[in-house]
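K.L.:
Compact mmCIF, C-alpha atoms, file start.txt:
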```
# COMPACT_ATOMS: atom_id res chain seq x y z
CA MET A 1 3.05 8.43 -7.58
CA TYR A 2 3.82 11.82 -9.17
CA MET A 3 0.54 13.18 -7.94
CA GLN A 4 1.39 12.45 -4.29
CA PHE A 5 4.81 14.10 -4.54
CA PHE A 6 3.48 17.00 -6.57
CA GLY A 7 0.91 17.53 -3.78
CA ASN A 8 3.80 17.51 -1.30
CA TYR A 9 5.60 20.13 -3.44
CA LEU A 10 2.54 22.41 -3.56
CA LEU A 11 2.22 22.24 0.22
CA ASN A 12 5.90 22.87 0.89
CA GLN A 13 6.01 25.83 -1.49
CA GLY A 14 3.03 27.34 0.33
CA LEU A 15 1.05 27.34 -2.94
CA VAL A 16 -1.95 25.59 -1.35
CA SER A 17 -3.06 24.88 2.20
CA ALA A 18 -3.37 21.32 3.52
CA ALA A 19 -7.16 21.79 3.63
CA ALA A 20 -7.26 22.91 -0.02
CA LEU A 21 -5.09 19.98 -1.10
CA MET A 22 -7.29 17.50 0.76
CA ASP A 23 -10.40 19.07 -0.76
CA ALA A 24 -8.90 18.68 -4.25
CA LEU A 25 -7.74 15.11 -3.62
CA ASP A 26 -11.26 14.31 -2.44
CA LYS A 27 -12.84 15.77 -5.59
CA GLN A 28 -10.34 14.73 -8.24
CA ALA A 29 -12.37 11.66 -9.17
CA GLU A 30 -15.23 13.94 -10.27
CA VAL A 31 -13.27 16.27 -12.56
CA THR A 32 -12.42 15.86 -16.22
CA VAL A 33 -9.29 17.02 -18.02
CA SER A 34 -9.58 18.77 -21.40
CA PHE A 35 -8.15 17.11 -24.51
CA GLU A 36 -5.75 19.99 -25.12
CA ALA A 37 -4.42 19.76 -21.53
CA LEU A 38 -3.59 16.09 -22.16
CA ALA A 39 -1.84 16.96 -25.43
CA VAL A 40 0.18 19.75 -23.77
CA ASN A 41 1.06 17.47 -20.86
CA ASP A 42 2.50 14.93 -23.29
CA ALA A 43 4.48 17.71 -25.01
CA LEU A 44 2.73 16.91 -28.30
CA VAL A 45 1.58 20.52 -28.73
CA ASP A 46 2.59 23.75 -27.02
CA ALA A 47 0.24 26.15 -25.21
CA ALA A 48 -0.11 28.45 -28.25
CA GLN A 49 -1.03 25.55 -30.56
CA ALA A 50 -3.55 24.28 -28.00
CA GLU A 51 -5.15 27.71 -27.73
CA ALA A 52 -5.33 28.11 -31.53
CA ALA A 53 -6.90 24.66 -31.92
CA ARG A 54 -9.42 25.36 -29.15
CA ALA A 55 -10.48 28.64 -30.82
CA GLU A 56 -10.86 26.89 -34.20
CA ALA A 57 -12.82 24.00 -32.63
CA GLU A 58 -15.24 26.38 -30.91
CA LYS A 59 -15.72 28.34 -34.13
CA SER A 60 -16.27 25.32 -36.37
CA GLY A 61 -18.00 23.03 -33.88
CA LYS A 62 -15.47 20.29 -34.64
CA PHE A 63 -13.79 18.01 -32.10
CA ILE A 64 -10.52 19.65 -31.04
CA GLY A 65 -8.58 16.45 -31.74
CA ASP A 66 -9.72 16.57 -35.39
CA VAL A 67 -8.71 20.23 -35.61
CA MET A 68 -5.24 19.36 -34.32
CA VAL A 69 -4.93 16.65 -36.99
CA GLU A 70 -6.08 19.09 -39.71
CA LYS A 71 -3.48 21.62 -38.55
CA GLY A 72 -0.78 18.97 -38.60
CA PHE A 73 -0.15 19.17 -34.82
CA LEU A 74 -1.13 15.55 -34.15
CA THR A 75 -1.59 12.31 -36.06
CA GLN A 76 -4.83 10.34 -35.86
CA GLU A 77 -2.96 7.68 -33.87
CA GLN A 78 -1.83 10.25 -31.29
CA VAL A 79 -5.42 11.48 -30.92
CA GLY A 80 -6.57 7.89 -30.34
CA ALA A 81 -3.84 7.27 -27.77
CA LEU A 82 -4.71 10.45 -25.84
CA LEU A 83 -8.40 9.55 -25.81
CA HIS A 84 -7.77 6.05 -24.51
CA ALA A 85 -5.11 6.74 -21.87
CA PRO A 86 -6.37 7.49 -18.34
CA PRO A 87 -5.73 11.14 -17.40
CA PRO A 88 -2.58 11.54 -15.27
CA GLY A 89 -3.30 12.04 -11.57
CA HIS A 90 -1.45 15.34 -11.32
CA LEU A 91 -3.65 16.84 -14.06
CA LEU A 92 -6.81 15.68 -12.26
CA LEU A 93 -5.43 17.18 -9.05
CA GLY A 94 -4.66 20.45 -10.83
CA GLN A 95 -8.13 20.58 -12.40
CA ALA A 96 -9.73 19.94 -8.98
CA LEU A 97 -7.58 22.70 -7.41
CA VAL A 98 -8.58 25.13 -10.17
CA GLU A 99 -12.28 24.18 -10.09
CA GLY A 100 -12.27 24.42 -6.29
CA GLY A 101 -10.96 28.00 -6.53
CA HIS A 102 -7.74 27.13 -4.69
CA MET A 103 -5.44 28.10 -7.61
CA SER A 104 -5.80 29.74 -11.00
CA ALA A 105 -5.03 27.68 -14.12
CA GLU A 106 -1.98 29.87 -14.71
CA GLN A 107 -0.71 29.34 -11.14
CA PHE A 108 -1.14 25.57 -11.55
CA GLU A 109 0.74 25.50 -14.86
CA ALA A 110 3.56 27.61 -13.41
CA ALA A 111 3.81 25.34 -10.33
CA LEU A 112 3.85 22.19 -12.50
CA SER A 113 6.51 23.63 -14.78
CA SER A 114 8.65 24.69 -11.81
CA TYR A 115 8.23 21.25 -10.20
CA LYS A 116 9.29 19.48 -13.40
CA ASN A 117 12.34 21.74 -13.74
CA GLN A 118 13.40 21.31 -10.11
CA ASN A 119 13.16 17.55 -10.36
CA SER A 120 14.60 17.32 -13.88
CA ILE A 121 11.62 15.34 -15.10
CA PRO A 122 11.19 15.39 -18.88
CA ASP A 123 7.61 16.05 -20.04
CA ALA A 124 7.40 12.68 -21.75
CA ASP A 125 8.35 10.89 -18.52
CA PHE A 126 5.88 12.87 -16.46
CA HIS A 127 2.97 11.22 -18.23
CA ASN A 128 4.22 7.68 -17.84
CA VAL A 129 5.05 6.35 -14.40
CA LYS A 130 8.60 5.08 -14.65
CA ASP A 131 10.55 3.50 -11.85
CA GLY A 132 13.62 5.65 -12.46
CA VAL A 133 11.69 8.86 -12.08
CA ILE A 134 9.89 7.60 -8.99
CA LYS A 135 13.26 6.73 -7.46
CA LEU A 136 14.42 10.26 -8.23
CA LEU A 137 11.40 11.76 -6.50
CA ILE A 138 11.71 9.47 -3.48
CA GLY A 139 15.43 10.21 -3.32
CA LYS A 140 14.74 13.94 -3.14
CA PHE A 141 12.02 13.33 -0.57
CA CYS A 142 14.48 11.31 1.53
CA GLU A 143 17.35 13.81 1.30
CA ILE A 144 17.10 14.35 5.06
CA ILE A 145 18.31 10.80 5.65
CA GLU A 146 22.07 10.80 6.07
CA SER A 147 24.06 8.73 3.63
CA SER A 148 24.53 5.28 5.07
CA GLU A 149 23.66 1.64 4.41
CA ALA A 150 20.42 2.24 6.30
CA SER A 151 19.42 5.14 4.05
CA LYS A 152 19.36 2.79 1.06
CA TYR A 153 17.02 0.45 2.91
CA ILE A 154 14.79 3.23 4.23
CA THR A 155 14.48 4.68 0.74
CA SER A 156 13.36 1.33 -0.66
CA TYR A 157 11.11 0.82 2.39
CA LEU A 158 9.35 4.16 1.80
CA THR A 159 9.12 3.58 -1.97
CA LEU A 160 7.23 0.35 -1.32
CA LEU A 161 5.15 2.04 1.41
CA PHE A 162 3.83 4.65 -1.02
CA LYS A 163 3.08 1.96 -3.61
CA ASN A 164 1.26 -0.13 -0.99
CA LEU A 165 -0.73 2.89 0.21
CA ILE A 166 -1.92 3.45 -3.36
CA ARG A 167 -2.61 -0.28 -3.83
CA PHE A 168 -4.40 -1.01 -0.55
CA VAL A 169 -5.76 2.33 0.73
CA GLY A 170 -6.07 4.82 -2.13
CA ASP A 171 -4.17 7.47 -4.04
CA ASP A 172 -5.76 10.53 -2.44
CA PHE A 173 -2.82 11.44 -0.23
CA ALA A 174 0.24 13.65 -0.11
CA PRO A 175 3.31 12.86 1.99
CA LEU A 176 4.54 15.78 4.10
CA GLU A 177 8.23 16.38 4.79
CA ILE A 178 10.16 13.68 6.65
CA LYS A 179 11.01 14.71 10.23
CA TYR A 180 14.04 13.43 12.09
CA LEU A 181 13.94 12.89 15.86
CA ARG A 182 16.06 11.29 18.55
CA GLY A 183 13.71 9.47 20.91
CA MET A 184 9.96 9.86 21.15
CA VAL A 185 6.86 8.32 22.74
CA CYS A 186 3.99 7.33 20.43
CA THR A 187 0.42 7.12 21.64
CA ARG A 188 -2.24 4.85 20.13
CA CYS A 189 -0.13 3.14 17.53
CA VAL A 190 0.85 -0.24 16.11
CA ALA A 191 4.45 -1.40 15.91
CA GLN A 192 6.43 -4.24 14.38
CA LYS A 193 10.12 -5.01 14.72
CA ILE A 194 12.18 -6.06 11.71
CA ASN A 195 15.34 -8.05 12.42
CA GLY A 196 18.22 -8.95 10.11
CA LYS A 197 20.61 -7.08 7.84
CA PHE A 198 18.19 -4.14 8.11
CA SER A 199 16.97 -4.03 11.72
CA ALA A 200 14.36 -1.41 12.53
CA VAL A 201 11.18 -0.67 14.43
CA SER A 202 8.26 0.27 12.20
CA VAL A 203 5.30 2.14 13.66
CA ILE A 204 2.03 3.56 12.40
CA ASP A 205 0.57 6.25 14.59
CA ALA A 206 -3.06 7.26 14.00
CA GLU A 207 -5.99 8.47 16.04
CA GLY A 208 -9.66 9.41 15.72
CA ASP A 209 -11.07 10.01 12.24
CA ALA A 210 -7.72 9.29 10.57
CA LEU A 211 -7.61 5.83 12.17
CA VAL A 212 -11.25 5.13 11.28
CA GLY A 213 -10.75 6.34 7.70
CA PHE A 214 -7.58 4.32 7.15
CA ALA A 215 -9.06 1.17 8.72
CA SER A 216 -12.24 1.45 6.64
CA ARG A 217 -10.34 1.86 3.38
CA PHE A 218 -7.90 -0.99 4.07
CA SER A 219 -10.53 -3.47 5.30
CA LYS A 220 -13.12 -2.38 2.70
CA GLU A 221 -15.60 -2.26 5.57
CA THR A 222 -17.50 0.55 7.26
CA ILE A 223 -15.71 1.08 10.56
CA LYS A 224 -17.38 3.59 12.84
CA ALA A 225 -15.06 3.99 15.82
CA PRO A 226 -11.30 4.14 16.52
CA ASP A 227 -11.55 0.91 18.51
CA GLU A 228 -9.64 -2.37 18.82
CA TYR A 229 -10.87 -3.58 15.43
CA ALA A 230 -9.71 -0.36 13.73
CA LEU A 231 -6.28 -0.83 15.32
CA ALA A 232 -6.26 -4.44 14.11
CA CYS A 233 -6.75 -3.15 10.54
CA LEU A 234 -3.89 -0.67 10.95
CA SER A 235 -1.78 -3.45 12.40
CA GLU A 236 -2.49 -5.81 9.50
CA PHE A 237 -1.56 -3.12 6.97
CA LEU A 238 1.80 -2.73 8.74
CA ASN A 239 2.32 -6.51 8.77
CA LEU A 240 1.37 -6.80 5.10
CA HIS A 241 3.66 -3.95 4.07
CA ASN A 242 6.60 -5.28 6.11
CA GLY A 243 6.02 -8.78 4.76
CA LEU A 244 6.08 -7.55 1.17
CA TYR A 245 9.21 -5.54 1.99
CA ALA A 246 10.84 -8.70 3.38
CA VAL A 247 10.00 -10.50 0.13
CA ASN A 248 11.60 -7.71 -1.97
CA PHE A 249 14.59 -7.61 0.38
CA SER A 250 15.07 -11.36 0.08
CA ASN A 251 14.91 -11.15 -3.72
CA GLU A 252 17.17 -8.10 -4.08
CA GLU A 253 19.68 -8.53 -1.23
CA GLY A 254 19.61 -12.31 -0.90
CA ASP A 255 19.11 -11.94 2.87
CA GLU A 256 16.12 -12.88 4.98
CA LEU A 257 14.47 -10.40 7.33
CA GLU A 258 12.63 -11.73 10.35
CA LEU A 259 9.42 -10.01 11.42
CA GLU A 260 8.25 -10.03 15.02
CA PRO A 261 4.49 -10.11 15.73
CA GLN A 262 2.87 -6.70 15.25
CA THR A 263 1.40 -5.18 18.41
CA ALA A 264 -1.02 -2.35 19.24
CA TYR A 265 0.01 0.11 21.96
CA GLU A 266 -1.67 2.91 23.86
CA GLU A 267 1.82 4.26 24.59
CA TYR A 268 4.99 3.09 22.89
CA ASP A 269 8.39 4.30 24.00
CA LEU A 270 10.98 4.87 21.29
CA GLU A 271 13.19 6.90 23.68
CA TYR A 272 16.02 4.40 23.32
CA MET A 273 16.15 4.74 19.53
CA GLU A 274 18.74 7.15 18.15
CA ASN A 275 17.43 7.58 14.63
CA ILE A 276 13.72 8.10 14.17
CA TYR A 277 12.19 9.23 10.89
CA ILE A 278 8.56 10.30 10.83
CA VAL A 279 6.70 10.50 7.52
CA PRO A 280 3.33 12.20 8.00
CA VAL A 281 0.96 11.31 5.18
CA CYS A 282 -2.00 13.58 4.68
CA PHE A 283 -5.11 11.70 3.47
CA THR A 284 -8.52 13.20 2.81
CA PHE A 285 -9.71 11.65 6.11
CA GLY A 286 -6.77 12.82 8.25
CA THR A 287 -3.05 12.48 8.80
CA ILE A 288 -1.33 9.15 9.48
CA ASN A 289 2.26 9.09 10.80
CA PHE A 290 4.52 6.35 9.47
CA ILE A 291 7.60 5.97 11.64
CA ILE A 292 10.75 4.00 11.00
CA SER A 293 13.54 3.93 13.55
CA PHE A 294 16.80 2.09 13.93
CA MET B 1 -15.83 -34.98 -0.42
CA ALA B 2 -17.16 -31.53 -1.44
CA VAL B 3 -16.37 -28.00 -0.26
CA LYS B 4 -19.65 -27.88 1.69
CA GLU B 5 -18.49 -30.86 3.78
CA LEU B 6 -15.16 -29.31 4.83
CA LYS B 7 -14.21 -28.21 8.34
CA VAL B 8 -11.60 -25.45 8.23
CA LEU B 9 -9.38 -23.92 10.95
CA ILE B 10 -8.07 -20.37 10.52
CA CYS B 11 -5.08 -19.44 12.65
CA ASP B 12 -3.99 -15.78 12.53
CA ASP B 13 -3.31 -13.22 15.26
CA SER B 14 -5.11 -10.55 13.21
CA MET B 15 -8.82 -10.34 14.00
CA LEU B 16 -9.29 -8.62 10.63
CA ILE B 17 -7.80 -11.55 8.73
CA ARG B 18 -9.77 -14.10 10.79
CA LYS B 19 -13.03 -12.23 10.18
CA GLN B 20 -12.45 -11.73 6.45
CA MET B 21 -11.27 -15.30 5.85
CA LYS B 22 -14.20 -16.68 7.85
CA GLU B 23 -16.66 -14.62 5.78
CA SER B 24 -15.05 -15.81 2.54
CA LEU B 25 -15.07 -19.46 3.62
CA GLU B 26 -18.71 -19.24 4.71
CA LYS B 27 -19.53 -17.65 1.36
CA LEU B 28 -17.82 -20.59 -0.34
CA GLY B 29 -20.14 -22.83 1.67
CA VAL B 30 -17.78 -24.78 3.94
CA LEU B 31 -19.44 -26.80 6.69
CA LYS B 32 -17.68 -25.28 9.72
CA VAL B 33 -15.02 -22.64 10.41
CA PHE B 34 -12.94 -22.67 13.60
CA GLU B 35 -10.58 -19.88 14.68
CA ALA B 36 -7.37 -19.59 16.70
CA GLY B 37 -5.45 -16.40 17.49
CA ASP B 38 -1.99 -17.90 18.06
CA GLY B 39 0.11 -21.02 17.44
CA ASP B 40 -0.59 -22.71 20.79
CA LYS B 41 -4.35 -22.31 20.40
CA ALA B 42 -4.10 -23.61 16.82
CA VAL B 43 -2.54 -26.87 18.02
CA SER B 44 -5.15 -27.42 20.75
CA LYS B 45 -7.99 -26.41 18.41
CA TYR B 46 -6.71 -28.87 15.81
CA ALA B 47 -6.65 -31.70 18.33
CA GLU B 48 -10.15 -30.77 19.49
CA THR B 49 -11.85 -30.30 16.09
CA ASN B 50 -9.83 -32.35 13.58
CA PRO B 51 -10.36 -29.96 10.63
CA ASP B 52 -9.86 -30.97 6.98
CA VAL B 53 -7.79 -27.89 6.15
CA VAL B 54 -5.85 -25.35 8.25
CA PHE B 55 -4.89 -21.84 7.07
CA MET B 56 -1.94 -20.78 9.23
CA ASP B 57 -0.15 -17.42 9.56
CA ILE B 58 3.61 -17.53 10.30
CA VAL B 59 4.31 -14.45 12.44
CA MET B 60 2.29 -14.73 15.64
CA PRO B 61 2.90 -14.11 19.34
CA GLY B 62 4.15 -17.17 21.24
CA LYS B 63 4.44 -20.25 19.05
CA THR B 64 5.08 -19.35 15.39
CA GLY B 65 2.99 -20.75 12.57
CA VAL B 66 5.81 -23.06 11.45
CA ASP B 67 6.24 -24.45 15.01
CA ALA B 68 2.47 -24.94 15.27
CA LEU B 69 2.57 -26.71 11.90
CA LYS B 70 5.27 -29.10 13.21
CA ASP B 71 3.18 -29.84 16.33
CA ILE B 72 0.05 -30.46 14.27
CA LYS B 73 1.97 -32.81 11.95
CA SER B 74 3.19 -34.73 14.99
CA ILE B 75 -0.45 -35.20 16.06
CA ASP B 76 -1.69 -35.95 12.54
CA PRO B 77 0.92 -36.61 9.81
CA ALA B 78 -1.84 -36.31 7.17
CA ALA B 79 -2.86 -32.79 8.31
CA LYS B 80 -3.28 -30.28 5.46
CA VAL B 81 -1.84 -27.01 6.70
CA VAL B 82 -1.67 -24.11 4.21
CA ILE B 83 0.77 -21.40 5.31
CA VAL B 84 -0.62 -17.90 4.64
CA SER B 85 1.93 -15.16 5.11
CA SER B 86 2.69 -11.60 4.04
CA ALA B 87 6.39 -12.54 4.16
CA GLY B 88 6.51 -15.09 1.35
CA THR B 89 10.31 -15.15 1.25
CA LYS B 90 12.33 -18.06 -0.11
CA GLY B 91 13.51 -18.82 3.44
CA ASN B 92 10.00 -18.94 4.92
CA LEU B 93 8.76 -21.01 1.99
CA LYS B 94 11.60 -23.51 2.38
CA GLU B 95 11.09 -23.75 6.15
CA ALA B 96 7.35 -24.27 5.79
CA ILE B 97 7.67 -26.92 3.07
CA THR B 98 10.37 -28.74 5.07
CA ALA B 99 8.05 -28.74 8.10
CA GLY B 100 5.34 -30.39 5.99
CA ALA B 101 3.15 -27.50 4.79
CA PHE B 102 0.48 -28.53 2.29
CA ASP B 103 0.95 -25.24 0.39
CA PHE B 104 2.17 -21.68 0.85
CA VAL B 105 0.08 -18.61 -0.04
CA GLN B 106 1.18 -14.97 -0.09
CA LYS B 107 -1.11 -12.40 1.62
CA PRO B 108 -3.38 -10.68 0.77
CA ILE B 109 -5.35 -13.87 0.08
CA GLU B 110 -8.25 -13.66 -2.36
CA GLU B 111 -11.40 -15.79 -2.30
CA ASP B 112 -10.47 -17.64 -5.51
CA VAL B 113 -7.15 -18.69 -3.93
CA LEU B 114 -8.98 -20.00 -0.85
CA LEU B 115 -11.26 -22.04 -3.10
CA LYS B 116 -8.28 -23.35 -5.07
CA MET B 117 -6.66 -24.52 -1.81
CA LEU B 118 -9.87 -26.21 -0.63
CA GLU B 119 -10.26 -28.01 -3.97
CA LYS B 120 -6.63 -29.10 -3.86
CA ALA B 121 -7.18 -30.48 -0.33
CA ILE B 122 -10.25 -32.40 -1.52
CA LYS B 123 -8.26 -33.97 -4.39
CA LYS B 124 -5.50 -35.07 -2.00
CA ALA B 125 -7.96 -36.45 0.59
```
Written as structure tokens, how would this file's structure read?

P.N.:
Amino acid sequence: MYMQFFGNYLLNQGLVSAAALMDALDKQAEVTVSFEALAVNDALVDAAQAEAARAEAEKSGKFIGDVMVEKGFLTQEQVGALLHAPPPGHLLLGQALVEGGHMSAEQFEAALSSYKNQNSIPDADFHNVKDGVIKLLIGKFCEIIESSEASKYITSYLTLLFKNLIRFVGDDFAPLEIKYLRGMVCTRCVAQKINGKFSAVSVIDAEGDALVGFASRFSKETIKAPDEYALACLSEFLNLHNGLYAVNFSNEEGDELELEPQTAYEEYDLEYMENIYIVPVCFTFGTINFIISF
Amino acid sequence: MAVKELKVLICDDSMLIRKQMKESLEKLGVLKVFEAGDGDKAVSKYAETNPDVVFMDIVMPGKTGVDALKDIKSIDPAAKVVIVSSAGTKGNLKEAITAGAFDFVQKPIEEDVLLKMLEKAIKKA
């Protein structure tokens, strides 16, 4: 999930536009990451060692991994591990941003370094997705939520939401900043009430191409119009996510949450709700608003 | 009895789930698939068609899946109703089993799980 939050960081720092980020997310599957970038990312070599090894490899025609072993930078086992591990998403995103002309390689490296420092993420942890680090990132993302019992639940709700988006829809998204509102009216959305120790109204608001794109990905079908069937797909994602949240809640808190039937609305009034948090998530096919209110 | 001889009733308020489950069941070669969009319709459809297996959602408008399960069991104590829910909590599981559910499956449901349920129903027939 680093990639999604790193994308959010790039947007918020004004380092890339939303269009550039979406373009890169769309193309990241087609790019490749150099061996030395993987080694630097894992903090196995520094930039100077990588550059020296690259120059030697180009001169001798040898594989750069072998050059790094000869120079004593890496062991054969480390070379094997780097070759077999899938490239981290944030490196693919960076490569796609650089290849797309949206950032220079130096700008990307500086942004990544600054992001790691701001979030206190050690290099070794950045390569491996670890729950503790994800919680740290989500916690920072959710700083807007005032400290309360509900904030704990919303944080775990959003953590699972991002995992479920990756699992059921795809990883080519970046969450934008959470917005806080008091009362709002949603148009063309699906909603489901959650009752129990954590009582809330969950809503997904999507229209046009964003709705069609989301519905197509989730259903694994080709959906052509933002019609009733597309809304049914959105609705089932919400129901699935809330159901899985209820399972986690039951396991962790020992309390049962009751879900009401999910419903599609052309206009849904949340005017009576005092605390409304909107999480816009920018996908390559458009922006979907996830709303939780209590 | 074989899978190709089975009549199956799907009860879920989501048209996506009904469509995808129906396609999977037809691919598995079941004889007939019936559909219901809520608990009340599930009970009447059961009485009308007498299916061999029912796949039932819990959270639905009107009568819940567990209430529909109880009604179906009162019509036919031997009914094989598999509860299919995204909220596979201990509480829901306990309630469904107490009401006489044949099995309980967590969504999203895969084709191999559907087949496993059908085969289990055949063995218990």

K.L.:
Check the smallest atom-to-atom distance from each of A:Thr287, A:Thr263, A:Ser293, A:Asn242 to Ser85 of chain B using all atoms listed in the file, then report the winner.

P.N.:
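Residue with the minimum atom-to-atom distance to Ser85 of chain B: A:Asn242.
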
K.L.:
Using all atoms listed in the file, which residue out of A:Asp26, A:Glu258, A:Glu70, A:Asp42 lies closest to Gly88 of chain B?

P.N.:
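Once distances to Gly88 of chain B are computed over all atoms listed in the file, the minimum belongs to A:Glu258.
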
K.L.:
Choose the residue, out of A:Leu211, A:Val281, A:Met273, A:Ala230, that has the smallest atom-to-atom separation from chain B; count all atoms listed in the file.

P.N.:
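Distance minimum relative to chain B lands on A:Ala230.
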
K.L.:
Show me, as a PyMOL selection string, the residues that have an atom within 8 Å of Phe6 of chain A when counting all atoms listed in the file, minus same-chain residues fewer than 3 positions from it.

P.N.:
chain A and resi 2-3+9-10+90+112+115+174

K.L.:
Residues of chain B within 7 Å of chain A: nearest atom pair and distance (Å, one decimal) for each, counting all atoms listed in the file, sorted by chain and number, as a tab-separated table?

P.N.:
```
residue	atom	partner	partner_atom	distance
B:Ser14	CA	A:Ala232	CA	6.3
B:Met15	CA	A:Ala232	CA	6.4
B:Leu16	CA	A:Cys233	CA	6.0
B:Val59	CA	A:Pro261	CA	5.4
B:Met60	CA	A:Pro261	CA	5.1
B:Pro61	CA	A:Pro261	CA	5.6
B:Ser86	CA	A:Gly243	CA	4.4
B:Ala87	CA	A:Gly243	CA	3.8
B:Gly88	CA	A:Val247	CA	5.9
B:Thr89	CA	A:Val247	CA	4.8
B:Gly91	CA	A:Glu256	CA	6.7
```

K.L.:
Using only C-alpha atoms, what does the table of segment 2-54 of chain B residues within 10 Å of segment 110-117 of chain B look like, with each row giving the shortest atom pair and its distance in Å to one decimal, sorted by chain and ascending number, as JSON lines?

P.N.:
```
{"residue": "B:Val3", "atom": "CA", "partner": "B:Leu115", "partner_atom": "CA", "distance": 8.3}
{"residue": "B:Gln20", "atom": "CA", "partner": "B:Glu111", "partner_atom": "CA", "distance": 9.7}
{"residue": "B:Met21", "atom": "CA", "partner": "B:Glu111", "partner_atom": "CA", "distance": 8.2}
{"residue": "B:Glu23", "atom": "CA", "partner": "B:Glu111", "partner_atom": "CA", "distance": 9.7}
{"residue": "B:Ser24", "atom": "CA", "partner": "B:Glu111", "partner_atom": "CA", "distance": 6.1}
{"residue": "B:Leu25", "atom": "CA", "partner": "B:Leu114", "partner_atom": "CA", "distance": 7.6}
{"residue": "B:Lys27", "atom": "CA", "partner": "B:Glu111", "partner_atom": "CA", "distance": 9.1}
{"residue": "B:Leu28", "atom": "CA", "partner": "B:Leu115", "partner_atom": "CA", "distance": 7.3}
{"residue": "B:Val30", "atom": "CA", "partner": "B:Leu115", "partner_atom": "CA", "distance": 10.0}
{"residue": "B:Val53", "atom": "CA", "partner": "B:Met117", "partner_atom": "CA", "distance": 8.7}
```

K.L.:
List as a PyMOL selection string the protein and nucleic acid residues near segment 102-110 of chain A, meaning an atom at most 12 Å away when only C-alpha atoms are counted, but skip any in the same chain fewer than 4 places from it.

P.N.:
chain A and resi 6-7+9-10+14-24+37+40-41+47+90-98+114-117

K.L.:
Using all atoms listed in the file, which of the listed residues (B:Leu9, B:Ala2, B:Ile17, B:Lys32) sits closest to Ser44 of chain B?

P.N.:
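So, comparing all the options, the nearest one is B:Leu9.
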
K.L.:
So the first atom is atom CA of Leu69 of chain B and the second is atom CA of Lys7 of chain B; what is the distance between them in Å, to one decimal place?

P.N.:
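Separating atom CA of Leu69 of chain B from atom CA of Lys7 of chain B is a distance of 17.2 Å.
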
K.L.:
Interatomic distance between atom CA of Ala200 of chain A and atom CA of Phe294 of chain A?

P.N.:
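Between atom CA of Ala200 of chain A and atom CA of Phe294 of chain A the gap works out to 4.5 Å.
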
K.L.:
Tell me which residues come within 6 Å of (-3.3, -20.6, 12.1), as a list in words, counting all atoms listed in the file in the file's coordinates.

P.N.:
Ile10, Cys11, Asp12, Ala42, Phe55, Met56 and Asp57 of chain B

K.L.:
Please provide as a list in words all residues within 8 Å of Gln76 of chain A, with the sequence filter that same-chain residues fewer than 4 positions apart are discarded (counting only C-alpha atoms).

P.N.:
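After dropping sequence-adjacent residues, the list is Asp66, Val69 and Gly80 of chain A.
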
K.L.:
What does the distance from atom CA of Val203 of chain A to atom CA of Ala191 of chain A come to in Å, to one decimal?

P.N.:
4.3 Å

K.L.:
Within 10 Å of (2.5, -25.0, 0.5) (file coordinates; all atoms listed in the file), which protein or nucleic acid residues are there? I'd like them as a PyMOL selection string.

P.N.:
chain B and resi 80-84+93-94+96-98+100-105+117

K.L.:
Would you list the contacts of Leu161 of chain A as a list in words, taking every protein, DNA or RNA residue within 10 Å and counting all atoms listed in the file, but skipping same-chain residues closer than 3 positions in sequence?

P.N.:
Thr155, Ser156, Tyr157, Leu158, Asn164, Leu165, Ile166, Arg167, Leu238, His241, Asn242, Leu244, Tyr245 and Phe290 of chain A

K.L.:
Would you mind completing segment 40-46 of chain A to N, CA, C and O atoms and writing the output as a PDB file, in the coordinates of the input?

P.N.:
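Now in rebuild28.pdb:
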```
ATOM      1  N   VAL A  40      -0.916  18.882 -24.258  1.00  0.00           N
ATOM      2  CA  VAL A  40       0.180  19.750 -23.770  1.00  0.00           C
ATOM      3  C   VAL A  40       1.016  18.979 -22.757  1.00  0.00           C
ATOM      4  O   VAL A  40       2.248  19.039 -22.773  1.00  0.00           O
ATOM      5  N   ASN A  41       0.337  18.234 -21.881  1.00  0.00           N
ATOM      6  CA  ASN A  41       1.060  17.470 -20.860  1.00  0.00           C
ATOM      7  C   ASN A  41       2.030  16.463 -21.474  1.00  0.00           C
ATOM      8  O   ASN A  41       3.106  16.212 -20.938  1.00  0.00           O
ATOM      9  N   ASP A  42       1.635  15.900 -22.623  1.00  0.00           N
ATOM     10  CA  ASP A  42       2.500  14.930 -23.290  1.00  0.00           C
ATOM     11  C   ASP A  42       3.513  15.592 -24.220  1.00  0.00           C
ATOM     12  O   ASP A  42       4.216  14.891 -24.959  1.00  0.00           O
ATOM     13  N   ALA A  43       3.545  16.929 -24.189  1.00  0.00           N
ATOM     14  CA  ALA A  43       4.480  17.710 -25.010  1.00  0.00           C
ATOM     15  C   ALA A  43       4.267  17.460 -26.509  1.00  0.00           C
ATOM     16  O   ALA A  43       5.202  17.537 -27.300  1.00  0.00           O
ATOM     17  N   LEU A  44       3.032  17.138 -26.882  1.00  0.00           N
ATOM     18  CA  LEU A  44       2.730  16.910 -28.300  1.00  0.00           C
ATOM     19  C   LEU A  44       2.401  18.231 -28.994  1.00  0.00           C
ATOM     20  O   LEU A  44       2.617  18.390 -30.196  1.00  0.00           O
ATOM     21  N   VAL A  45       1.843  19.163 -28.219  1.00  0.00           N
ATOM     22  CA  VAL A  45       1.580  20.520 -28.730  1.00  0.00           C
ATOM     23  C   VAL A  45       2.020  21.499 -27.648  1.00  0.00           C
ATOM     24  O   VAL A  45       2.127  21.135 -26.470  1.00  0.00           O
ATOM     25  N   ASP A  46       2.275  22.756 -28.047  1.00  0.00           N
ATOM     26  CA  ASP A  46       2.590  23.750 -27.020  1.00  0.00           C
ATOM     27  C   ASP A  46       1.318  24.538 -26.676  1.00  0.00           C
ATOM     28  O   ASP A  46       0.265  24.350 -27.305  1.00  0.00           O
TER      29      ASP A  46
END
```
